[in-house]
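First comes the structure, then the notes that go with it.
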Amino acid sequence: MDIVEYFAASTGDWPETGVAGVESEWMELGQMTIPVGRLWVGDPMLANEEDGCIVEAPPGAYNVSVKGMDIGGHRRISRLRAVLDGETAGEIGDPCGDTFTDCGLVGLCDMAACDQAVTDEYADEYTDDVWQAVDESDVNCCEFEYGGNHFQLAWVPSGLGDGEFYVFAIKSGGRTVGIEVEFLPPGFVLDEDDDLPRIGE
């Protein structure tokens with residue numbers, strides 16, 4: 001099942017409380033180029049090193065995919081990851097950091113390439129471009145170019161919306177080959193008294 005088919009079957013506007021979520025298999029979003037290897041995840045409207053989390057990995061083509069979670073028929077994205085093409089994602093260990101968003105989305109890019117393209121001169125233009133792209137699709141991977149420099153940015157809705165989320169380095173054969181963000185942990189249950197999950201819960 002692909003992403004469009006999976007979320008087309010979602011029901012309601014908000015998950016039921018007291019129901020354990022069931023994760024899907026990984027679903028492909030697309031492939032993106034990471035020219036330097038500074039994998040960054042964070043609020044796409046605040047694309048900078050301080051406001052996010054960076055994992056150092058080899059440069060190259062990365063396959064971006066997501067997992068969904070079905071909570072009583074209502075479906076949300078539970079995880080986002082990018083893995084170096086040709087590598088098999090091994091087990092993830094303890095979190096290597098965390099990130100946050102205030103716009104209900106989390107973006108993924110090569111921060112070195114983003115910094116080169118989105119200088120102060122183009123910062124406002126970049127923000128306008130991302131909002132326009134998000135209006136067209138809230139799950140996507142696009143290329144942006146400013147002043148002759150370009151980079152790719154993927155973005156997805158972050159679980160139930162704004163919040164803080166654990167970030168993991170993906171390992172294979174002892175080396176880092178990707179990055180993963182957890183929006184909703186396996187078996188997540190929405191509590192009646194707390195309508196948004198806190199990090200690690």
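All residue names refer to the structure tokens as shown: chains lettered A, B, ... in order, residues numbered from 1 in each chain, ligands numbered from 1 in order.
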Backbone-only DSSP, helix (DSSP H, G or I) members of chain A, as a short mmCIF file (atom, residue, chain, number, x, y, z; two decimals) with C-alpha atoms, in the first residue's frame:
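Now in result12.cif:
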```cif
data_model
loop_
_atom_site.label_atom_id
_atom_site.label_comp_id
_atom_site.auth_asym_id
_atom_site.auth_seq_id
_atom_site.Cartn_x
_atom_site.Cartn_y
_atom_site.Cartn_z
CA ILE A 3 0.97 6.66 1.19
CA VAL A 4 -2.03 8.02 -0.72
CA GLU A 5 -3.98 4.77 -0.42
CA TYR A 6 -3.13 4.37 3.25
CA PHE A 7 -4.30 7.80 4.34
CA ALA A 8 -7.33 7.79 2.04
CA PRO A 44 10.86 23.49 7.98
CA MET A 45 10.00 27.12 8.69
CA LEU A 46 13.04 27.32 11.00
CA MET A 111 21.69 21.37 6.33
CA ALA A 112 24.99 22.22 4.64
CA ALA A 113 23.26 22.53 1.27
CA CYS A 114 20.35 24.43 2.83
CA ASP A 115 22.70 26.92 4.51
CA GLN A 116 24.50 27.53 1.22
CA ALA A 117 21.24 28.23 -0.62
CA ASP A 120 19.82 35.96 4.76
CA GLU A 121 19.04 37.49 1.37
CA TYR A 122 16.70 34.63 0.49
CA ALA A 123 15.28 33.72 3.92
CA ASP A 124 11.88 35.39 3.41
CA GLU A 125 11.56 34.01 -0.10
CA TYR A 126 12.33 30.51 1.18
CA THR A 127 9.63 30.76 3.88
CA ASP A 128 7.06 31.91 1.31
CA ASP A 129 8.05 29.12 -1.06
CA VAL A 130 7.74 26.43 1.61
CA TRP A 131 4.30 27.64 2.71
CA GLN A 132 3.14 27.63 -0.90
CA ALA A 133 4.51 24.11 -1.43
CA VAL A 134 2.89 22.89 1.79
CA ASP A 135 -0.45 24.36 0.69
CA GLU A 136 -0.21 22.15 -2.39
#
```
All residues 6 Å or closer to Asp98 (chain A), only C-alpha atoms, same chain fewer than 4 positions away omitted, as a PyMOL selection string: chain A and resi 165-167
Residues flagged strand (DSSP E or B) by DSSP in region 102-193 of chain A, as a VMD selection string: chain A and resid 105 to 110 140 to 146 149 to 157 163 to 172 175 to 182 189 191
Residue neighbourhood Gly18 (chain A), 9 Å, only C-alpha atoms, exclusion window fewer than 3 positions, as a PyMOL selection string: chain A and resi 189-192
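Residues lying within 6 Å of region 21-29 of chain A, counting only C-alpha atoms and ignoring same-chain neighbours fewer than 3 positions away, are Asp2, Val64, Ser65, Val66, Lys67, Gly68, Met69, Asp70, Ile71, Gly187 and Phe188 of chain A.
Compared by their closest atoms to Glu49 (chain A), and using only C-alpha atoms, the residues A:Gln31, A:Ser78, A:Ser10, A:Thr99 rank with A:Thr99 nearest.
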Distance table requested - region 97-152 of chain A against region 170-179 of chain A, cut-off 12 Å, only C-alpha atoms: one row per qualifying residue with the closest atom pair and its distance in Å to one decimal, ordered by chain and rising residue number, as JSON lines.
```
{"residue": "A:Gly97", "atom": "CA", "partner": "A:Ile179", "partner_atom": "CA", "distance": 10.8}
{"residue": "A:Asp98", "atom": "CA", "partner": "A:Ile179", "partner_atom": "CA", "distance": 11.5}
{"residue": "A:Leu108", "atom": "CA", "partner": "A:Ile179", "partner_atom": "CA", "distance": 9.2}
{"residue": "A:Cys109", "atom": "CA", "partner": "A:Ile179", "partner_atom": "CA", "distance": 10.6}
{"residue": "A:Asp110", "atom": "CA", "partner": "A:Ile179", "partner_atom": "CA", "distance": 11.4}
```
Kindly export the residues of the current selection with C-alpha atoms, as a compact mmCIF listing (two decimals), in the first residue's frame.
```txt
# COMPACT_ATOMS: atom_id res chain seq x y z
CA GLY A 97 18.89 13.84 20.04
CA ASP A 98 15.52 15.46 19.60
CA LEU A 108 14.35 16.75 6.36
CA CYS A 109 17.28 18.05 4.31
CA ASP A 110 21.07 18.39 4.07
```
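When only C-alpha atoms are used to measure the gap to Ala20 (chain A), the shortest distance among A:Gly52, A:Gly72, A:Gly161, A:Gly86 belongs to A:Gly72.
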Long-range neighbours of Cys96 (chain A) as a PDB file with N, CA and C atoms, in the first residue's frame, 9 Å cut-off, only C-alpha atoms, 3 positions minimum in chain:
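As a result, around-v1.pdb now contains:
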```
ATOM      1  N   CYS A  53      17.836  18.922  14.638  1.00  0.00           N
ATOM      2  CA  CYS A  53      18.819  17.914  15.030  1.00  0.00           C
ATOM      3  C   CYS A  53      19.552  17.441  13.791  1.00  0.00           C
ATOM      4  N   VAL A  55      22.350  14.671  12.075  1.00  0.00           N
ATOM      5  CA  VAL A  55      23.077  13.407  12.113  1.00  0.00           C
ATOM      6  C   VAL A  55      24.050  13.402  10.939  1.00  0.00           C
ATOM      7  N   GLY A  93      19.196   2.444  17.949  1.00  0.00           N
ATOM      8  CA  GLY A  93      19.432   2.312  19.379  1.00  0.00           C
ATOM      9  C   GLY A  93      18.716   3.397  20.150  1.00  0.00           C
ATOM     10  N   TYR A 166      11.826  12.466  19.424  1.00  0.00           N
ATOM     11  CA  TYR A 166      13.132  11.824  19.451  1.00  0.00           C
ATOM     12  C   TYR A 166      13.666  11.603  18.039  1.00  0.00           C
ATOM     13  N   VAL A 167      14.994  11.722  17.921  1.00  0.00           N
ATOM     14  CA  VAL A 167      15.700  11.485  16.662  1.00  0.00           C
ATOM     15  C   VAL A 167      16.700  10.358  16.878  1.00  0.00           C
ATOM     16  N   PHE A 168      16.820   9.475  15.888  1.00  0.00           N
ATOM     17  CA  PHE A 168      17.709   8.325  15.970  1.00  0.00           C
ATOM     18  C   PHE A 168      18.643   8.291  14.759  1.00  0.00           C
ATOM     19  N   ALA A 169      19.884   7.856  14.982  1.00  0.00           N
ATOM     20  CA  ALA A 169      20.800   7.557  13.878  1.00  0.00           C
ATOM     21  C   ALA A 169      20.570   6.111  13.455  1.00  0.00           C
TER      22      ALA A 169
END
```
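CA of Gly42 (chain A) lies 24.2 Å from CA of Thr88 (chain A).
Between CA of Tyr146 (chain A) and CA of Thr119 (chain A) the separation is 8.4 Å.
Using only C-alpha atoms, the shortest contact distance between His74 (chain A) and any of A:Leu105, A:Cys142, A:Ala89, A:Leu160 is found at A:Leu160.
With only C-alpha atoms as the basis for measurement, A:Thr33 is the residue among A:Ser137, A:Thr101, A:Asn149, A:Thr33 that approaches Ala82 (chain A) most closely.
In terms of minimum interatomic distance to Val19 (chain A), A:Gly73 ranks closest within A:Met32, A:Gly73, A:Asn48, A:Pro185, counting only C-alpha atoms.
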